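Some notes on the structure that comes next.
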Amino acid sequence: MHEYPITQRIIEVADSYARENNADEVKIINLVVGDYSGYVASSIELYFDIIAESSRCAKAKLHIERVTPKLKCNKCGEYFERKPFSFECPTCQGEGSPTEIGQEFYIRSIEV
Amino acid sequence: MSENREIEIMESVYDKNDEVASKINAELTGKNIYAINVMGAPGVGKTTSLIQIIKRLDGITPYVIEGDIEADFDTKTLQSLGVKTVQINTGGACHLDSPLIGKAVEELKVDNGVLFIENIGNLVCPAEFMIGEHAKMLISTVTEGSDKPYKYPLAFEKANIIILNKCDLLPYVDFDEEFFMKGVRALNKTAPVIKVSGKTEEGYDEVVAWIKERVK
Ligand SMILES: [Zn+2]
């Protein structure tokens, strides 16, 4: 649901960077989206074409790099992906804590 | 065809929201307002809990911003109790964001007290956006089941205080408290978990004690 305004924001940022760099057209937008960011990559793609229409991003392709959330084991320090209904480390059976990995949502770069 | 030229950006798309949020936070702090973002699924008793808390605030002025997709039942209830309340209807959006809060704060003319921001009933998106709050209060219930921390980890991770409501129903529902707490503690080591019941009113004194420690 909140992908609409955020897609607008992505286009705004990409457009202004393109303008600053004297590029008439953005060819690719490289976006990094963590699975815990709450954004659904496919919804962003859906809105993108409609919103980008009259901007420098009108023909741009969205490259979305998904990031799977990882926990960090409190015992052995290993980063690992959670199994459903568990926070257990697959290496040492210690308990994992949340990390920032999987919560990111940023524009890595544009290609012009 | 010329080759693509890559321009590095590395800019968080949250930036605009977070910028407004920290401005609101500073403004509220300056007015001696402690703001609590109240999160929880629909029907967990967010408004009922607020009423129980507000009843016990003796001397501290409460303000409420009510977020709902539609309707204003909760605002009317709170206003009938004499609580300064402003309604925000998002008209479909699943969470409140900081520009919305900025406007509501202005309208409320807050000064000295505690501001409760009742977020949209949703266990996902409200945890993802800063809205200028000082703390996040998560309301969970024994009727939702003990697997919620495992299914909605972010809300539990970000909470500063967790209220477990409808505890009067514990004898009647399958709620595995140990499993629930294990999940909560894996995600969040410090937030107090307080068992309450909107019906019997148990537990709310403890919640209010936690708030009073922070509002001064
Ligand atoms: Zn380990």
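In the structure tokens, each chain is lettered A, B, ... as it comes, each chain's residues begin at 1, and ligands are numbered from 1 in order of appearance.
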
With a cut-off of 6 Å and counting only C-alpha atoms, select all residues of chain A in contact with chain B and give the selection as a compact mmCIF listing (two decimals) with all heavy atoms, in the first residue's frame.
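Wrote out19.txt, looks like this:
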# COMPACT_ATOMS: atom_id res chain seq x y z
N PHE A 85 9.60 -20.08 13.12
CA PHE A 85 9.35 -20.39 14.53
C PHE A 85 10.61 -20.72 15.32
O PHE A 85 10.58 -21.49 16.27
CB PHE A 85 8.33 -21.52 14.69
CG PHE A 85 7.01 -21.16 14.07
CD1 PHE A 85 6.59 -21.78 12.92
CD2 PHE A 85 6.22 -20.18 14.63
CE1 PHE A 85 5.39 -21.42 12.32
CE2 PHE A 85 5.02 -19.82 14.05
CZ PHE A 85 4.59 -20.44 12.90
N SER A 97 20.25 -12.93 17.42
CA SER A 97 19.60 -11.63 17.63
C SER A 97 19.42 -10.93 16.29
O SER A 97 20.20 -11.14 15.37
CB SER A 97 20.46 -10.75 18.53
OG SER A 97 20.43 -11.23 19.84
N PHE A 105 16.74 -0.27 2.68
CA PHE A 105 15.92 0.18 1.57
C PHE A 105 16.55 1.44 1.02
O PHE A 105 16.32 2.53 1.53
CB PHE A 105 14.48 0.44 2.03
CG PHE A 105 13.55 0.72 0.90
CD1 PHE A 105 13.32 -0.25 -0.07
CD2 PHE A 105 12.90 1.93 0.78
CE1 PHE A 105 12.47 0.00 -1.13
CE2 PHE A 105 12.05 2.19 -0.27
CZ PHE A 105 11.83 1.22 -1.24
N TYR A 106 17.41 1.28 0.03
CA TYR A 106 18.08 2.47 -0.50
C TYR A 106 18.37 2.34 -1.98
O TYR A 106 18.33 1.26 -2.56
CB TYR A 106 19.36 2.77 0.28
CG TYR A 106 20.42 1.68 0.24
CD1 TYR A 106 21.41 1.67 -0.74
CD2 TYR A 106 20.44 0.68 1.20
CE1 TYR A 106 22.39 0.68 -0.77
CE2 TYR A 106 21.41 -0.32 1.18
CZ TYR A 106 22.38 -0.31 0.20
OH TYR A 106 23.32 -1.28 0.17
N ILE A 107 18.65 3.50 -2.58
CA ILE A 107 19.03 3.54 -3.99
C ILE A 107 20.54 3.44 -4.03
O ILE A 107 21.24 4.31 -3.53
CB ILE A 107 18.56 4.83 -4.66
CG1 ILE A 107 17.06 5.05 -4.39
CG2 ILE A 107 18.86 4.80 -6.15
CD1 ILE A 107 16.57 6.41 -4.80
N ARG A 108 21.04 2.34 -4.59
CA ARG A 108 22.49 2.18 -4.65
C ARG A 108 23.09 3.12 -5.70
O ARG A 108 24.04 3.83 -5.42
CB ARG A 108 22.84 0.72 -4.99
CG ARG A 108 24.34 0.46 -5.01
CD ARG A 108 24.68 -0.87 -5.64
NE ARG A 108 24.28 -2.03 -4.83
CZ ARG A 108 24.87 -2.39 -3.69
NH1 ARG A 108 25.87 -1.71 -3.22
NH2 ARG A 108 24.44 -3.45 -3.03
N SER A 109 22.51 3.12 -6.89
CA SER A 109 23.05 3.96 -7.96
C SER A 109 22.05 4.06 -9.10
O SER A 109 21.04 3.34 -9.11
CB SER A 109 24.36 3.36 -8.49
OG SER A 109 24.08 2.11 -9.11
N ILE A 110 22.35 4.96 -10.01
CA ILE A 110 21.60 4.97 -11.27
C ILE A 110 22.60 4.83 -12.41
O ILE A 110 23.78 5.16 -12.26
CB ILE A 110 20.77 6.27 -11.47
CG1 ILE A 110 21.65 7.52 -11.34
CG2 ILE A 110 19.62 6.31 -10.51
CD1 ILE A 110 20.93 8.80 -11.74
N GLU A 111 22.13 4.30 -13.51
CA GLU A 111 22.97 4.25 -14.71
C GLU A 111 22.33 5.13 -15.76
O GLU A 111 21.12 5.04 -15.99
CB GLU A 111 23.13 2.80 -15.18
CG GLU A 111 23.95 1.98 -14.19
CD GLU A 111 23.95 0.49 -14.49
OE1 GLU A 111 23.99 0.13 -15.68
OE2 GLU A 111 23.88 -0.30 -13.53
N VAL A 112 23.15 6.00 -16.34
CA VAL A 112 22.59 6.96 -17.30
C VAL A 112 23.27 6.80 -18.66
O VAL A 112 24.29 6.13 -18.77
CB VAL A 112 22.76 8.42 -16.81
CG1 VAL A 112 21.95 8.63 -15.54
CG2 VAL A 112 24.23 8.75 -16.58

Which residues are near ligand 1 - at most 12 Å, using only C-alpha atoms and all ligand atoms? Format: as a PyMOL selection string. chain A and resi 71-81+87-97

Distance query Leu46 (chain A) at most 10 Å, only C-alpha atoms, self and fewer than 4 positions along chain excluded, as a ChimeraX atom specification: /A:3-4,7,41-42,50-51

Take the residues from that selection and put them in a file with N, CA and C atoms, as a PDB file, in the first residue's frame.
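Final output, saved to again.pdb:
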ATOM      1  N   GLU A   3       3.724   1.613  -1.138  1.00  0.00           N
ATOM      2  CA  GLU A   3       4.704   1.608  -2.218  1.00  0.00           C
ATOM      3  C   GLU A   3       4.519   2.786  -3.172  1.00  0.00           C
ATOM      4  N   TYR A   4       3.303   3.305  -3.260  1.00  0.00           N
ATOM      5  CA  TYR A   4       3.066   4.400  -4.218  1.00  0.00           C
ATOM      6  C   TYR A   4       3.911   5.642  -3.896  1.00  0.00           C
ATOM      7  N   THR A   7       7.619   4.964  -4.328  1.00  0.00           N
ATOM      8  CA  THR A   7       8.054   4.873  -5.723  1.00  0.00           C
ATOM      9  C   THR A   7       8.228   6.285  -6.290  1.00  0.00           C
ATOM     10  N   ALA A  41       8.735  -5.562  -3.568  1.00  0.00           N
ATOM     11  CA  ALA A  41       9.438  -5.174  -4.793  1.00  0.00           C
ATOM     12  C   ALA A  41       8.496  -5.171  -5.998  1.00  0.00           C
ATOM     13  N   SER A  42       7.615  -6.149  -6.083  1.00  0.00           N
ATOM     14  CA  SER A  42       6.753  -6.238  -7.263  1.00  0.00           C
ATOM     15  C   SER A  42       5.768  -5.071  -7.320  1.00  0.00           C
ATOM     16  N   ILE A  50       3.966   3.905 -14.317  1.00  0.00           N
ATOM     17  CA  ILE A  50       2.944   4.958 -14.323  1.00  0.00           C
ATOM     18  C   ILE A  50       3.531   6.266 -13.818  1.00  0.00           C
ATOM     19  N   ILE A  51       4.267   6.202 -12.713  1.00  0.00           N
ATOM     20  CA  ILE A  51       4.756   7.438 -12.093  1.00  0.00           C
ATOM     21  C   ILE A  51       5.919   8.035 -12.883  1.00  0.00           C
TER      22      ILE A  51
END

Which residues are close to Phe48 (chain A), i.e. within 12 Å by only C-alpha atoms, leaving aside same-chain residues fewer than 6 positions away? Reply as a ChimeraX atom specification. /A:3-12,29,41-42,54-55,57-63

Members of chain B assigned helix (DSSP H, G or I) by DSSP, as JSON, numbers by chain: {"B": [15, 16, 17, 18, 19, 20, 21, 22, 23, 24, 25, 26, 27, 28, 29, 30, 46, 47, 48, 49, 50, 51, 52, 53, 54, 55, 73, 74, 75, 76, 77, 78, 79, 80, 98, 99, 100, 101, 102, 103, 104, 105, 106, 107, 108, 125, 126, 127, 128, 148, 149, 150, 151, 153, 154, 155, 156, 157, 158, 167, 168, 169, 170, 171, 172, 177, 178, 179, 180, 181, 182, 183, 184, 185, 186, 187, 204, 205, 206, 207, 208, 209, 210, 211, 212, 213, 214]}

Extract the full set of strand (DSSP E) residues from region 4-104 of chain A according to DSSP on the backbone, and format it as a PDB file with C-alpha atoms, in the first residue's frame.
ATOM      1  CA  ILE A  28      18.771   1.738 -14.858  1.00  0.00           C
ATOM      2  CA  ILE A  29      17.952   2.350 -11.205  1.00  0.00           C
ATOM      3  CA  ASN A  30      19.727  -0.001  -8.817  1.00  0.00           C
ATOM      4  CA  LEU A  31      17.650  -0.419  -5.709  1.00  0.00           C
ATOM      5  CA  VAL A  32      18.462  -2.449  -2.582  1.00  0.00           C
ATOM      6  CA  VAL A  33      15.387  -3.782  -0.767  1.00  0.00           C
ATOM      7  CA  GLY A  34      15.559  -5.861   2.415  1.00  0.00           C
ATOM      8  CA  LYS A  61      14.638  -0.344 -15.790  1.00  0.00           C
ATOM      9  CA  LEU A  62      14.442  -1.130 -12.116  1.00  0.00           C
ATOM     10  CA  HIS A  63      17.078  -3.520 -10.826  1.00  0.00           C
ATOM     11  CA  ILE A  64      16.015  -4.650  -7.404  1.00  0.00           C
ATOM     12  CA  GLU A  65      18.554  -6.419  -5.245  1.00  0.00           C
ATOM     13  CA  ARG A  66      16.685  -8.296  -2.518  1.00  0.00           C
ATOM     14  CA  VAL A  67      18.324  -8.852   0.851  1.00  0.00           C
ATOM     15  CA  LEU A  71      20.302 -13.000  12.609  1.00  0.00           C
ATOM     16  CA  LYS A  72      23.628 -12.960  14.427  1.00  0.00           C
ATOM     17  CA  CYS A  73      24.332 -15.813  16.814  1.00  0.00           C
ATOM     18  CA  TYR A  79      25.195 -14.677  10.667  1.00  0.00           C
ATOM     19  CA  PHE A  80      22.348 -16.940   9.606  1.00  0.00           C
ATOM     20  CA  GLY A  96      20.392 -15.343  17.279  1.00  0.00           C
ATOM     21  CA  SER A  97      19.600 -11.635  17.627  1.00  0.00           C
ATOM     22  CA  PRO A  98      18.178  -9.319  14.967  1.00  0.00           C
TER      23      PRO A  98
END

As a check of understanding: the span from CA of Gly145 (chain B) to CA of Phe175 (chain B) is 5.6 Å

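Counting from CA of Ile117 (chain B), the distance to CA of Lys166 (chain B) is 21.1 Å.
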
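Ranking B:Ser49, B:Gln87, B:Thr75, B:Thr61 by their shortest atom-to-atom distance to Ala35 (chain B), with only C-alpha atoms included, puts B:Thr61 first.
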
May I ask which of the residues B:Ile139, B:Ala191, B:Val105, B:Val173 is the closest one to Lys158 (chain B), counting only C-alpha atoms? B:Ala191
